[in-house]
Amino acid sequence: MTLTDADYTSANTQHLPRQEPAYFQAYDLHAYYGESYIVQGVTFNIHEGEILALLGRNGAGKTSTLRTIARTDDPELRHGEIWLDHKPVHEMTSYQAAGNGIALVPEDRRIIPGLTVEENLELAQIAPPHGWSIERIYELFPRLGERRKQEGVTLSGGEQQMLAIGRALARDIKLLLLDEPYEGLAPVIVQEIERTLSEIKALGITTIIVEQNAIAALKLADRAIILDMGQVVFDGTAQEVLDNAELREEYLAI
Ligand SMILES: Nc1ncnc2c1ncn2[C@@H]1O[C@H](COP(=O)(O)OP(=O)(O)OP(=O)(O)O)[C@@H](O)[C@H]1O
Ligand SMILES: [Mg+2]
């Protein structure tokens, strides 16, 4: 299905009045994979330093929403606006969005083969603006320091997740997008990453976390939105979702 500009106005059921701009604002996003219409009018805000849990069942459009915000080519953003710290991200390429502080840590972590842990981190710092020093990243993740000379792709799943997060922090980021950081990890490693994410939270890095493990994400998050079939069906505090069993059953199956 393809909508014209006029259709968006009538199809959009989330006509929120535009208020005082938040630090991050996604407004009426519509995005497509080819002709598949997936992100269907997504609107939400995040205040600076907040952690937002982006939840929803398999196929709800969580990854697609993150990719839309990071301005990847797929899905293609055809309508809507994305503002980060007063900058129009919707007008940017993915490269420009990264340069303006949007860091997507994808589910598959994308560790670069043939490079050591340290080289993976150095590569993230090849162009300014720089974020954390490599030594500081090793302080946050001592395991990465111990394995600095090891090829990145030979790390365990949990260590690769640490490297992917470390690589994001190596750049000067304003918005961290985490797609299922706990995916496929043993509970003890999940706890370790949870602890690090709490430390990152204490530093005030604005973050969106997508997780199948909704309870873990909600423990960390200040606010939550729930997506269903590419639309926002809930926007509130993390505590409200934790307290509302009906809502969780309907949209999260937990
Ligand atoms: N490259 C693609 N081409 C066409 N359709 C796609 C593509 N990637 C995802 N989709 C479709 O878009 C919809 C949303 O997918 P998305 O990956 O955003 O969901 P998700 O909420 O992240 O799900 P999960 O919890 O399984 O990761 C799904 O119906 C999916 O089949
Ligand atoms: Mg996904």
# chains A, B, ... in the order shown; residues from 1 in each chain; ligands from 1
$ residues_near_ligand --ligand "ligand 1" --cutoff "9 Å" --atoms "only C-alpha atoms and all ligand atoms" --output "PyMOL selection string"
chain A and resi 32-39+55-67+74-75+107+179-180+210-212+227-230
$ select_by_dssp --residues "region 39-105 of chain A" --states "strand (DSSP E)" --output "list in words"
Val39, Gln40, Gly41, Val42, Thr43, Phe44, Asn45, Ile46, Ile51, Leu52, Ala53, Leu54, Leu55, Glu76, Leu77, Arg78, His79, Gly80, Glu81, Ile82, Trp83, Leu84, Lys87, Pro88, Ile102, Ala103, Leu104 and Val105 of chain A
$ select_by_dssp --residues "region 98-224 of chain A" --states "alpha helix (DSSP H)" --output "NGL selection string"
:A and (98-99 or 117-124 or 134-140 or 142-146 or 157-169 or 187-202 or 214-220)
$ residues_around --residues "Trp132 (chain A)" --least-positions-apart "4" --cutoff "10 Å" --atoms "only C-alpha atoms" --output "number ranges by chain"
A: 125, 136-137, 166-173
$ residues_around --residues "Gly158 (chain A)" --least-positions-apart "3" --cutoff "8 Å" --atoms "only C-alpha atoms" --output "ChimeraX atom specification"
/A:155,161-162,185,189-190,193
$ write_last_selection --atoms "C-alpha atoms" --output "PDB file, in the first residue's frame"
ATOM      1  CA  LEU A 155      34.548 -13.161  21.513  1.00  0.00           C
ATOM      2  CA  GLN A 161      27.632  -7.171  22.946  1.00  0.00           C
ATOM      3  CA  MET A 162      30.025  -5.301  25.240  1.00  0.00           C
ATOM      4  CA  LEU A 185      22.883 -14.352  26.386  1.00  0.00           C
ATOM      5  CA  ILE A 189      25.914 -12.216  31.261  1.00  0.00           C
ATOM      6  CA  VAL A 190      22.560 -10.438  31.016  1.00  0.00           C
ATOM      7  CA  ILE A 193      25.313  -6.042  30.741  1.00  0.00           C
TER       8      ILE A 193
END
$ atom_distance --atom1 "CA of Leu121 (chain A)" --atom2 "CA of Ala164 (chain A)"
8.9 Å
$ closest_residue --among "A:Asn213, A:Thr154, A:Thr68, A:Ser94" --to "Gly41 (chain A)" --atoms "only C-alpha atoms"
A:Thr68
$ closest_residue --among "A:Ala224, A:Ile209, A:Val105, A:Val117" --to "Val153 (chain A)" --atoms "only C-alpha atoms"
A:Val117
$ decode --residues "region 126-151 of chain A" --atoms "N, CA and C atoms" --output "PDB file, in the first residue's frame"
ATOM      1  N   ILE A 126      37.870   6.709  14.102  1.00  0.00           N
ATOM      2  CA  ILE A 126      38.672   7.136  12.962  1.00  0.00           C
ATOM      3  C   ILE A 126      38.327   8.575  12.552  1.00  0.00           C
ATOM      4  N   ALA A 127      37.077   8.958  12.795  1.00  0.00           N
ATOM      5  CA  ALA A 127      36.690  10.342  12.474  1.00  0.00           C
ATOM      6  C   ALA A 127      36.083  10.974  13.723  1.00  0.00           C
ATOM      7  N   PRO A 128      36.314  12.273  13.934  1.00  0.00           N
ATOM      8  CA  PRO A 128      35.650  12.938  15.054  1.00  0.00           C
ATOM      9  C   PRO A 128      34.149  13.044  14.766  1.00  0.00           C
ATOM     10  N   PRO A 129      33.291  13.371  15.717  1.00  0.00           N
ATOM     11  CA  PRO A 129      33.617  13.668  17.111  1.00  0.00           C
ATOM     12  C   PRO A 129      33.811  12.404  17.962  1.00  0.00           C
ATOM     13  N   HIS A 130      34.874  12.395  18.754  1.00  0.00           N
ATOM     14  CA  HIS A 130      35.176  11.258  19.608  1.00  0.00           C
ATOM     15  C   HIS A 130      34.384  11.305  20.901  1.00  0.00           C
ATOM     16  N   GLY A 131      34.145  10.120  21.448  1.00  0.00           N
ATOM     17  CA  GLY A 131      33.485  10.025  22.741  1.00  0.00           C
ATOM     18  C   GLY A 131      34.488   9.557  23.775  1.00  0.00           C
ATOM     19  N   TRP A 132      34.183   8.408  24.363  1.00  0.00           N
ATOM     20  CA  TRP A 132      35.047   7.895  25.418  1.00  0.00           C
ATOM     21  C   TRP A 132      36.402   7.456  24.859  1.00  0.00           C
ATOM     22  N   SER A 133      37.431   7.548  25.693  1.00  0.00           N
ATOM     23  CA  SER A 133      38.734   6.992  25.313  1.00  0.00           C
ATOM     24  C   SER A 133      38.640   5.470  25.405  1.00  0.00           C
ATOM     25  N   ILE A 134      39.545   4.809  24.724  1.00  0.00           N
ATOM     26  CA  ILE A 134      39.537   3.344  24.743  1.00  0.00           C
ATOM     27  C   ILE A 134      39.813   2.842  26.162  1.00  0.00           C
ATOM     28  N   GLU A 135      40.690   3.529  26.889  1.00  0.00           N
ATOM     29  CA  GLU A 135      40.967   3.118  28.275  1.00  0.00           C
ATOM     30  C   GLU A 135      39.705   3.199  29.139  1.00  0.00           C
ATOM     31  N   ARG A 136      38.906   4.229  28.914  1.00  0.00           N
ATOM     32  CA  ARG A 136      37.681   4.376  29.702  1.00  0.00           C
ATOM     33  C   ARG A 136      36.691   3.256  29.362  1.00  0.00           C
ATOM     34  N   ILE A 137      36.658   2.868  28.108  1.00  0.00           N
ATOM     35  CA  ILE A 137      35.773   1.759  27.710  1.00  0.00           C
ATOM     36  C   ILE A 137      36.230   0.465  28.393  1.00  0.00           C
ATOM     37  N   TYR A 138      37.545   0.277  28.502  1.00  0.00           N
ATOM     38  CA  TYR A 138      38.065  -0.912  29.197  1.00  0.00           C
ATOM     39  C   TYR A 138      37.758  -0.866  30.693  1.00  0.00           C
ATOM     40  N   GLU A 139      37.653   0.334  31.241  1.00  0.00           N
ATOM     41  CA  GLU A 139      37.271   0.432  32.656  1.00  0.00           C
ATOM     42  C   GLU A 139      35.818  -0.017  32.850  1.00  0.00           C
ATOM     43  N   LEU A 140      34.966   0.374  31.887  1.00  0.00           N
ATOM     44  CA  LEU A 140      33.565  -0.036  31.972  1.00  0.00           C
ATOM     45  C   LEU A 140      33.419  -1.533  31.710  1.00  0.00           C
ATOM     46  N   PHE A 141      34.196  -2.035  30.752  1.00  0.00           N
ATOM     47  CA  PHE A 141      34.154  -3.463  30.384  1.00  0.00           C
ATOM     48  C   PHE A 141      35.549  -4.067  30.520  1.00  0.00           C
ATOM     49  N   PRO A 142      35.948  -4.439  31.746  1.00  0.00           N
ATOM     50  CA  PRO A 142      37.300  -4.976  31.932  1.00  0.00           C
ATOM     51  C   PRO A 142      37.591  -6.195  31.034  1.00  0.00           C
ATOM     52  N   ARG A 143      36.563  -6.988  30.730  1.00  0.00           N
ATOM     53  CA  ARG A 143      36.782  -8.147  29.857  1.00  0.00           C
ATOM     54  C   ARG A 143      37.324  -7.740  28.492  1.00  0.00           C
ATOM     55  N   LEU A 144      36.875  -6.588  28.014  1.00  0.00           N
ATOM     56  CA  LEU A 144      37.358  -6.142  26.700  1.00  0.00           C
ATOM     57  C   LEU A 144      38.832  -5.778  26.786  1.00  0.00           C
ATOM     58  N   GLY A 145      39.226  -5.171  27.898  1.00  0.00           N
ATOM     59  CA  GLY A 145      40.637  -4.839  28.098  1.00  0.00           C
ATOM     60  C   GLY A 145      41.502  -6.092  28.126  1.00  0.00           C
ATOM     61  N   GLU A 146      40.993  -7.110  28.824  1.00  0.00           N
ATOM     62  CA  GLU A 146      41.752  -8.369  28.904  1.00  0.00           C
ATOM     63  C   GLU A 146      41.906  -9.020  27.541  1.00  0.00           C
ATOM     64  N   ARG A 147      40.939  -8.775  26.669  1.00  0.00           N
ATOM     65  CA  ARG A 147      40.938  -9.437  25.364  1.00  0.00           C
ATOM     66  C   ARG A 147      41.258  -8.465  24.240  1.00  0.00           C
ATOM     67  N   ARG A 148      41.941  -7.412  24.523  1.00  0.00           N
ATOM     68  CA  ARG A 148      42.127  -6.354  23.530  1.00  0.00           C
ATOM     69  C   ARG A 148      42.830  -6.820  22.253  1.00  0.00           C
ATOM     70  N   LYS A 149      43.683  -7.849  22.375  1.00  0.00           N
ATOM     71  CA  LYS A 149      44.420  -8.322  21.191  1.00  0.00           C
ATOM     72  C   LYS A 149      43.714  -9.476  20.482  1.00  0.00           C
ATOM     73  N   GLN A 150      42.578  -9.890  21.045  1.00  0.00           N
ATOM     74  CA  GLN A 150      41.855 -11.023  20.457  1.00  0.00           C
ATOM     75  C   GLN A 150      40.978 -10.542  19.303  1.00  0.00           C
ATOM     76  N   GLU A 151      40.826 -11.395  18.291  1.00  0.00           N
ATOM     77  CA  GLU A 151      39.972 -10.999  17.180  1.00  0.00           C
ATOM     78  C   GLU A 151      38.524 -10.841  17.682  1.00  0.00           C
TER      79      GLU A 151
END
